[in-house]
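Scroll down for the structure; my scribbles are underneath it.
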Amino acid sequence: MDIKKVMPNINKHIDKSKPYISPSENAHKGLNVPQIVFDYGSIKTKVKSLPNLYKYMFGSFKEMKKTYKELYKQPRNPSKNIASKDLEGLKALAIELGASDIGFTDVDLSYIFDDKLIIYPNAIVLAMEMAPNIIETAPSKNAEKEIFRTYYELCVMVNRIKDFLNDRGYNAEAGPSLGGEVNYPLLAQKSGIGVIGKHGMLITPKLGPSLRLAVVYTDIANLPIENDNKHLWINDFCETCNQCVKKCPGGAIYKDTIIFEDGSKQCIDYKKCAVPFSKQHGCTVCIKECIFFKSNYDKIEKAFAKK
Ligand code: SF4
Ligand code: SF4
């Protein structure tokens with residue numbers, strides 16, 4: 001069964017007579033989690049968990065449908081320069097809606113999945129915390145529900161931020177947290193808010209790895225884009241740590257991360273991950289066992305610097 005056919009998909013809504021942005025030739029395949037679960041995991045167990053997740057899963061699909069339906073609902077004479085009061089308003093709204101970290105960057109074309117398209121070149125990256133006291137219980141029904149709560153609330157958030165920007169005269173495209181068009185952890189890393197750990201999840205000082213991501217694309221040209229990333233030391237730290245590699249119940253996390261020419265990484269063998277992921281409530285052991293989940297970013301940095 002091709003799960004992609006039943007998922008909301010941006011490409012069905014792209015008007016090819018208007019400008020759009022394609023992935024570069026060296027772009028990678030997107031991860032289709034439901035498809036991987038269907039092909040390599042246990043769809044039966046996943047179906048059983050549906051009543052626990054129903055509200056958030058179908059809420060997310062509803063928001064995604066709105067996202068794609070309103071792709072070309074944009075202001076008539078859009079401005080490409082955001083006023084500082086609007087930028088501050090955008091940040092305040094994101095925080096009000098539950099964002100903990102906000103980053104700004106331009107989209108590297110190799111980060112767009114090889115079968116997807118977008119319409120605007122810059123990105124506002126939004127990270128939402130998954131409550132640590134719940135993630136600590138993983139693998140559990142509650143932890144799985146918490147993951148889907150963040151997916152849902154991020155889907156709502158990006159639609160609200162799109163509307164906020166449109167209402168003030170800027171073009172914006174919501175990038176949902178589920179089934180997105182671009183590799184979000186890479187975009188977030190490029191925006192400087194964190195670094196991708198050995199388990200493939202973004203790690204930030206505020207949230208550690210206990211987060212989910214979504215994006216709003218725009219053609220606003222004066223976003224405060226950050227070209228520096230202060231957290232790259234995490235890459236060296238991961239080489240000395242490997243806790244997630246040891247604790248992963250599926251043996252799915254590569255000790256030697258595969259690094260591609262464009263700098264993007266493959267951290268996980270998803271076929272191996274699919275079994276615990278589908279049979280044990282979304283697993284999430286790699287987040288719970290990460291040193292940045294258990295301890296404080298500054299403390300880890302200081303101790304590592306002394307070595
Ligand atoms: S979700 Fe579980 S199986 Fe998958 S990589 Fe993380 S720890 Fe391993
Ligand atoms: S557990 Fe250790 S190796 Fe794995 S991502 Fe966290 S810090 Fe890096």
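Chains: A, B, ... in order of the structure tokens. Residues: from 1 per chain. Ligands: from 1, in order shown.
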Original post:
Neighbours of ligand 2 within 9 Å, counting only C-alpha atoms and all ligand atoms, as a count of residues only?
Top reply: 34
**OP:** Name the residues of region 37-191 of chain A that come out as strand (DSSP E or B) in a backbone DSSP run; write them as an MDAnalysis selection string.
**Re:** chainID A and resid 99:106 112 118 122:129 173:175 182
Residues of the last selection are to be written out with C-alpha atoms, as a PDB file, in the first residue's frame.
ATOM      1  CA  ALA A  99       7.274  27.694  20.721  1.00  0.00           C
ATOM      2  CA  SER A 100      10.410  27.578  22.863  1.00  0.00           C
ATOM      3  CA  ASP A 101      13.021  28.259  20.164  1.00  0.00           C
ATOM      4  CA  ILE A 102      12.673  30.324  16.982  1.00  0.00           C
ATOM      5  CA  GLY A 103      15.321  30.415  14.248  1.00  0.00           C
ATOM      6  CA  PHE A 104      15.622  32.127  10.854  1.00  0.00           C
ATOM      7  CA  THR A 105      17.443  30.803   7.809  1.00  0.00           C
ATOM      8  CA  ASP A 106      17.338  30.407   4.037  1.00  0.00           C
ATOM      9  CA  ILE A 112      14.107  19.929   0.141  1.00  0.00           C
ATOM     10  CA  ILE A 118       7.944  24.764  -1.844  1.00  0.00           C
ATOM     11  CA  ASN A 122      13.379  31.602   3.551  1.00  0.00           C
ATOM     12  CA  ALA A 123      12.353  29.766   6.687  1.00  0.00           C
ATOM     13  CA  ILE A 124      11.183  30.577  10.204  1.00  0.00           C
ATOM     14  CA  VAL A 125      11.985  27.477  12.244  1.00  0.00           C
ATOM     15  CA  LEU A 126       9.852  26.725  15.309  1.00  0.00           C
ATOM     16  CA  ALA A 127      10.676  24.237  18.070  1.00  0.00           C
ATOM     17  CA  MET A 128       8.109  23.052  20.607  1.00  0.00           C
ATOM     18  CA  GLU A 129       8.987  21.198  23.783  1.00  0.00           C
ATOM     19  CA  GLU A 173       3.610  29.259   3.561  1.00  0.00           C
ATOM     20  CA  ALA A 174       3.029  26.951   6.510  1.00  0.00           C
ATOM     21  CA  GLY A 175       5.275  23.880   6.773  1.00  0.00           C
ATOM     22  CA  VAL A 182      12.092  19.932   3.875  1.00  0.00           C
TER      23      VAL A 182
END
Contact table chain A vs ligand 1, cut-off 7 Å, shortest pair per residue, only C-alpha atoms and all ligand atoms, as a tab-separated table:
residue	atom	partner	partner_atom_place_in_ligand_line	distance
A:His199	CA	ligand 1	5 (S)	6.3
A:Cys244	CA	ligand 1	7 (S)	6.8
A:Lys247	CA	ligand 1	7 (S)	6.7
A:Cys248	CA	ligand 1	7 (S)	3.8
A:Pro249	CA	ligand 1	3 (S)	5.4
A:Gly250	CA	ligand 1	3 (S)	4.5
A:Gly251	CA	ligand 1	8 (Fe)	6.3
A:Ala252	CA	ligand 1	8 (Fe)	5.2
A:Ile253	CA	ligand 1	5 (S)	5.5
A:Ile268	CA	ligand 1	5 (S)	6.1
A:Lys272	CA	ligand 1	3 (S)	6.8
A:Cys273	CA	ligand 1	4 (Fe)	3.9
A:Ala274	CA	ligand 1	4 (Fe)	6.7
A:Pro276	CA	ligand 1	3 (S)	5.1
A:Phe277	CA	ligand 1	1 (S)	5.4
A:Gly282	CA	ligand 1	1 (S)	6.3
A:Cys283	CA	ligand 1	2 (Fe)	4.5
A:Thr284	CA	ligand 1	1 (S)	4.4
A:Val285	CA	ligand 1	7 (S)	4.2
A:Cys286	CA	ligand 1	7 (S)	3.9
A:Ile287	CA	ligand 1	6 (Fe)	6.9
**OP:** List every residue of region 41-91 of chain A that DSSP, applied to the backbone of this structure, places in alpha helix (DSSP H), and write the result as a VMD selection string.
**Re:** chain A and resid 43 to 48 50 to 69 84 to 91
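Rounded to one decimal, CA of Lys16 (chain A) and CA of Ser177 (chain A) lie 24.3 Å from each other.
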Original post:
Could you name the residues that touch Leu71 (chain A) at 9 Å or less, counting only C-alpha atoms, but leaving out those on the same chain fewer than 2 positions away, as a VMD selection string?
Top reply: chain A and resid 10 13 to 14 66 to 69 73 to 74 119 172 to 174
Keeping only N, CA and C atoms, write those residues as a PDB file, in the first residue's frame.
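New file out.pdb:
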ATOM      1  N   ILE A  10       1.600  18.548  -0.557  1.00  0.00           N
ATOM      2  CA  ILE A  10       1.700  19.899  -1.125  1.00  0.00           C
ATOM      3  C   ILE A  10       1.716  19.866  -2.665  1.00  0.00           C
ATOM      4  N   HIS A  13      -1.131  20.656  -4.808  1.00  0.00           N
ATOM      5  CA  HIS A  13      -1.675  22.011  -4.720  1.00  0.00           C
ATOM      6  C   HIS A  13      -0.772  23.050  -5.372  1.00  0.00           C
ATOM      7  N   ILE A  14       0.425  22.642  -5.806  1.00  0.00           N
ATOM      8  CA  ILE A  14       1.352  23.594  -6.428  1.00  0.00           C
ATOM      9  C   ILE A  14       0.856  23.933  -7.834  1.00  0.00           C
ATOM     10  N   LYS A  66      -5.794  22.383   5.585  1.00  0.00           N
ATOM     11  CA  LYS A  66      -5.965  23.849   5.545  1.00  0.00           C
ATOM     12  C   LYS A  66      -4.688  24.492   4.973  1.00  0.00           C
ATOM     13  N   THR A  67      -3.531  24.006   5.461  1.00  0.00           N
ATOM     14  CA  THR A  67      -2.234  24.528   5.004  1.00  0.00           C
ATOM     15  C   THR A  67      -2.160  24.513   3.480  1.00  0.00           C
ATOM     16  N   TYR A  68      -2.463  23.342   2.889  1.00  0.00           N
ATOM     17  CA  TYR A  68      -2.271  23.204   1.452  1.00  0.00           C
ATOM     18  C   TYR A  68      -3.381  23.895   0.652  1.00  0.00           C
ATOM     19  N   LYS A  69      -4.583  23.892   1.223  1.00  0.00           N
ATOM     20  CA  LYS A  69      -5.700  24.541   0.542  1.00  0.00           C
ATOM     21  C   LYS A  69      -5.457  26.058   0.442  1.00  0.00           C
ATOM     22  N   LYS A  73      -3.368  31.640  -0.825  1.00  0.00           N
ATOM     23  CA  LYS A  73      -4.120  32.734  -0.203  1.00  0.00           C
ATOM     24  C   LYS A  73      -3.082  33.685   0.391  1.00  0.00           C
ATOM     25  N   GLN A  74      -2.672  34.666  -0.411  1.00  0.00           N
ATOM     26  CA  GLN A  74      -1.566  35.558  -0.034  1.00  0.00           C
ATOM     27  C   GLN A  74      -1.992  37.007  -0.284  1.00  0.00           C
ATOM     28  N   ILE A 119       7.220  27.086  -2.083  1.00  0.00           N
ATOM     29  CA  ILE A 119       7.060  28.291  -2.906  1.00  0.00           C
ATOM     30  C   ILE A 119       7.871  29.499  -2.417  1.00  0.00           C
ATOM     31  N   ALA A 172       3.523  34.075   3.076  1.00  0.00           N
ATOM     32  CA  ALA A 172       3.933  33.028   4.011  1.00  0.00           C
ATOM     33  C   ALA A 172       3.309  31.695   3.612  1.00  0.00           C
ATOM     34  N   GLU A 173       4.052  30.633   3.867  1.00  0.00           N
ATOM     35  CA  GLU A 173       3.610  29.259   3.561  1.00  0.00           C
ATOM     36  C   GLU A 173       3.868  28.412   4.801  1.00  0.00           C
ATOM     37  N   ALA A 174       2.851  27.786   5.316  1.00  0.00           N
ATOM     38  CA  ALA A 174       3.029  26.951   6.510  1.00  0.00           C
ATOM     39  C   ALA A 174       3.680  25.622   6.129  1.00  0.00           C
TER      40      ALA A 174
END
**OP:** To one decimal in Å, tell me the separation between CA of Leu207 (chain A) and CA of Cys267 (chain A).
**Re:** 20.0 Å
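Between Val158 (chain A) and the candidates A:Tyr217, A:Thr257, A:Asn133, A:Pro185, the tightest atom-to-atom separation, counting only C-alpha atoms, involves A:Tyr217.
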**OP:** Skip Glu63 (chain A) itself and residues of its chain fewer than 6 positions away, then list as an NGL selection string all residues within 12 Å of it, counting only C-alpha atoms.
**Re:** :A and (8 or 56-57 or 69-70 or 151-160 or 174-178)
Generate a file of the selected residues that holds N, CA and C atoms, formatted as a PDB file, in the first residue's frame.
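Produced file result_34.pdb, reproduced below:
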ATOM      1  N   PRO A   8      -2.061  14.140   3.143  1.00  0.00           N
ATOM      2  CA  PRO A   8      -2.104  15.431   2.450  1.00  0.00           C
ATOM      3  C   PRO A   8      -0.724  15.732   1.843  1.00  0.00           C
ATOM      4  N   TYR A  56      -5.366  13.984  18.149  1.00  0.00           N
ATOM      5  CA  TYR A  56      -4.236  14.764  17.644  1.00  0.00           C
ATOM      6  C   TYR A  56      -3.885  14.403  16.204  1.00  0.00           C
ATOM      7  N   MET A  57      -3.998  13.103  15.878  1.00  0.00           N
ATOM      8  CA  MET A  57      -3.642  12.670  14.530  1.00  0.00           C
ATOM      9  C   MET A  57      -4.584  13.279  13.491  1.00  0.00           C
ATOM     10  N   LYS A  69      -4.583  23.892   1.223  1.00  0.00           N
ATOM     11  CA  LYS A  69      -5.700  24.541   0.542  1.00  0.00           C
ATOM     12  C   LYS A  69      -5.457  26.058   0.442  1.00  0.00           C
ATOM     13  N   GLU A  70      -4.787  26.596   1.467  1.00  0.00           N
ATOM     14  CA  GLU A  70      -4.602  28.061   1.512  1.00  0.00           C
ATOM     15  C   GLU A  70      -3.212  28.499   1.045  1.00  0.00           C
ATOM     16  N   TYR A 151       2.960  17.497  17.598  1.00  0.00           N
ATOM     17  CA  TYR A 151       2.724  17.555  16.149  1.00  0.00           C
ATOM     18  C   TYR A 151       1.494  18.418  15.857  1.00  0.00           C
ATOM     19  N   TYR A 152       0.419  18.114  16.596  1.00  0.00           N
ATOM     20  CA  TYR A 152      -0.840  18.816  16.344  1.00  0.00           C
ATOM     21  C   TYR A 152      -0.688  20.324  16.634  1.00  0.00           C
ATOM     22  N   GLU A 153      -0.129  20.644  17.800  1.00  0.00           N
ATOM     23  CA  GLU A 153      -0.047  22.066  18.169  1.00  0.00           C
ATOM     24  C   GLU A 153       0.893  22.840  17.241  1.00  0.00           C
ATOM     25  N   LEU A 154       1.910  22.164  16.725  1.00  0.00           N
ATOM     26  CA  LEU A 154       2.780  22.826  15.747  1.00  0.00           C
ATOM     27  C   LEU A 154       2.044  23.054  14.420  1.00  0.00           C
ATOM     28  N   CYS A 155       1.205  22.094  14.029  1.00  0.00           N
ATOM     29  CA  CYS A 155       0.411  22.274  12.791  1.00  0.00           C
ATOM     30  C   CYS A 155      -0.502  23.494  12.940  1.00  0.00           C
ATOM     31  N   VAL A 156      -1.100  23.633  14.123  1.00  0.00           N
ATOM     32  CA  VAL A 156      -1.953  24.798  14.376  1.00  0.00           C
ATOM     33  C   VAL A 156      -1.091  26.070  14.347  1.00  0.00           C
ATOM     34  N   MET A 157       0.064  26.010  15.016  1.00  0.00           N
ATOM     35  CA  MET A 157       0.936  27.179  15.139  1.00  0.00           C
ATOM     36  C   MET A 157       1.362  27.735  13.764  1.00  0.00           C
ATOM     37  N   VAL A 158       1.814  26.849  12.864  1.00  0.00           N
ATOM     38  CA  VAL A 158       2.312  27.360  11.589  1.00  0.00           C
ATOM     39  C   VAL A 158       1.183  27.974  10.753  1.00  0.00           C
ATOM     40  N   ASN A 159      -0.030  27.420  10.875  1.00  0.00           N
ATOM     41  CA  ASN A 159      -1.166  28.039  10.163  1.00  0.00           C
ATOM     42  C   ASN A 159      -1.487  29.410  10.748  1.00  0.00           C
ATOM     43  N   ARG A 160      -1.415  29.524  12.082  1.00  0.00           N
ATOM     44  CA  ARG A 160      -1.703  30.820  12.732  1.00  0.00           C
ATOM     45  C   ARG A 160      -0.640  31.859  12.358  1.00  0.00           C
ATOM     46  N   ALA A 174       2.851  27.786   5.316  1.00  0.00           N
ATOM     47  CA  ALA A 174       3.029  26.951   6.510  1.00  0.00           C
ATOM     48  C   ALA A 174       3.680  25.622   6.129  1.00  0.00           C
ATOM     49  N   GLY A 175       4.618  25.196   6.954  1.00  0.00           N
ATOM     50  CA  GLY A 175       5.275  23.880   6.773  1.00  0.00           C
ATOM     51  C   GLY A 175       4.908  23.000   7.955  1.00  0.00           C
ATOM     52  N   PRO A 176       3.945  22.093   7.785  1.00  0.00           N
ATOM     53  CA  PRO A 176       3.426  21.321   8.925  1.00  0.00           C
ATOM     54  C   PRO A 176       4.476  20.428   9.569  1.00  0.00           C
ATOM     55  N   SER A 177       4.233  20.081  10.832  1.00  0.00           N
ATOM     56  CA  SER A 177       5.193  19.253  11.565  1.00  0.00           C
ATOM     57  C   SER A 177       5.185  17.803  11.090  1.00  0.00           C
ATOM     58  N   LEU A 178       4.094  17.367  10.495  1.00  0.00           N
ATOM     59  CA  LEU A 178       4.003  16.002   9.967  1.00  0.00           C
ATOM     60  C   LEU A 178       4.100  16.049   8.444  1.00  0.00           C
TER      61      LEU A 178
END
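Residues in contact with region 77-88 of chain A at up to 8 Å, not including ones fewer than 3 positions away on its chain and judged by only C-alpha atoms, are A:Gln74, A:Lys91, A:Ala92, A:Arg168, A:Gly169, A:Tyr170, A:Asn171, A:Asp219, A:Ile220, A:Ala221, A:Asn222, A:Leu223.
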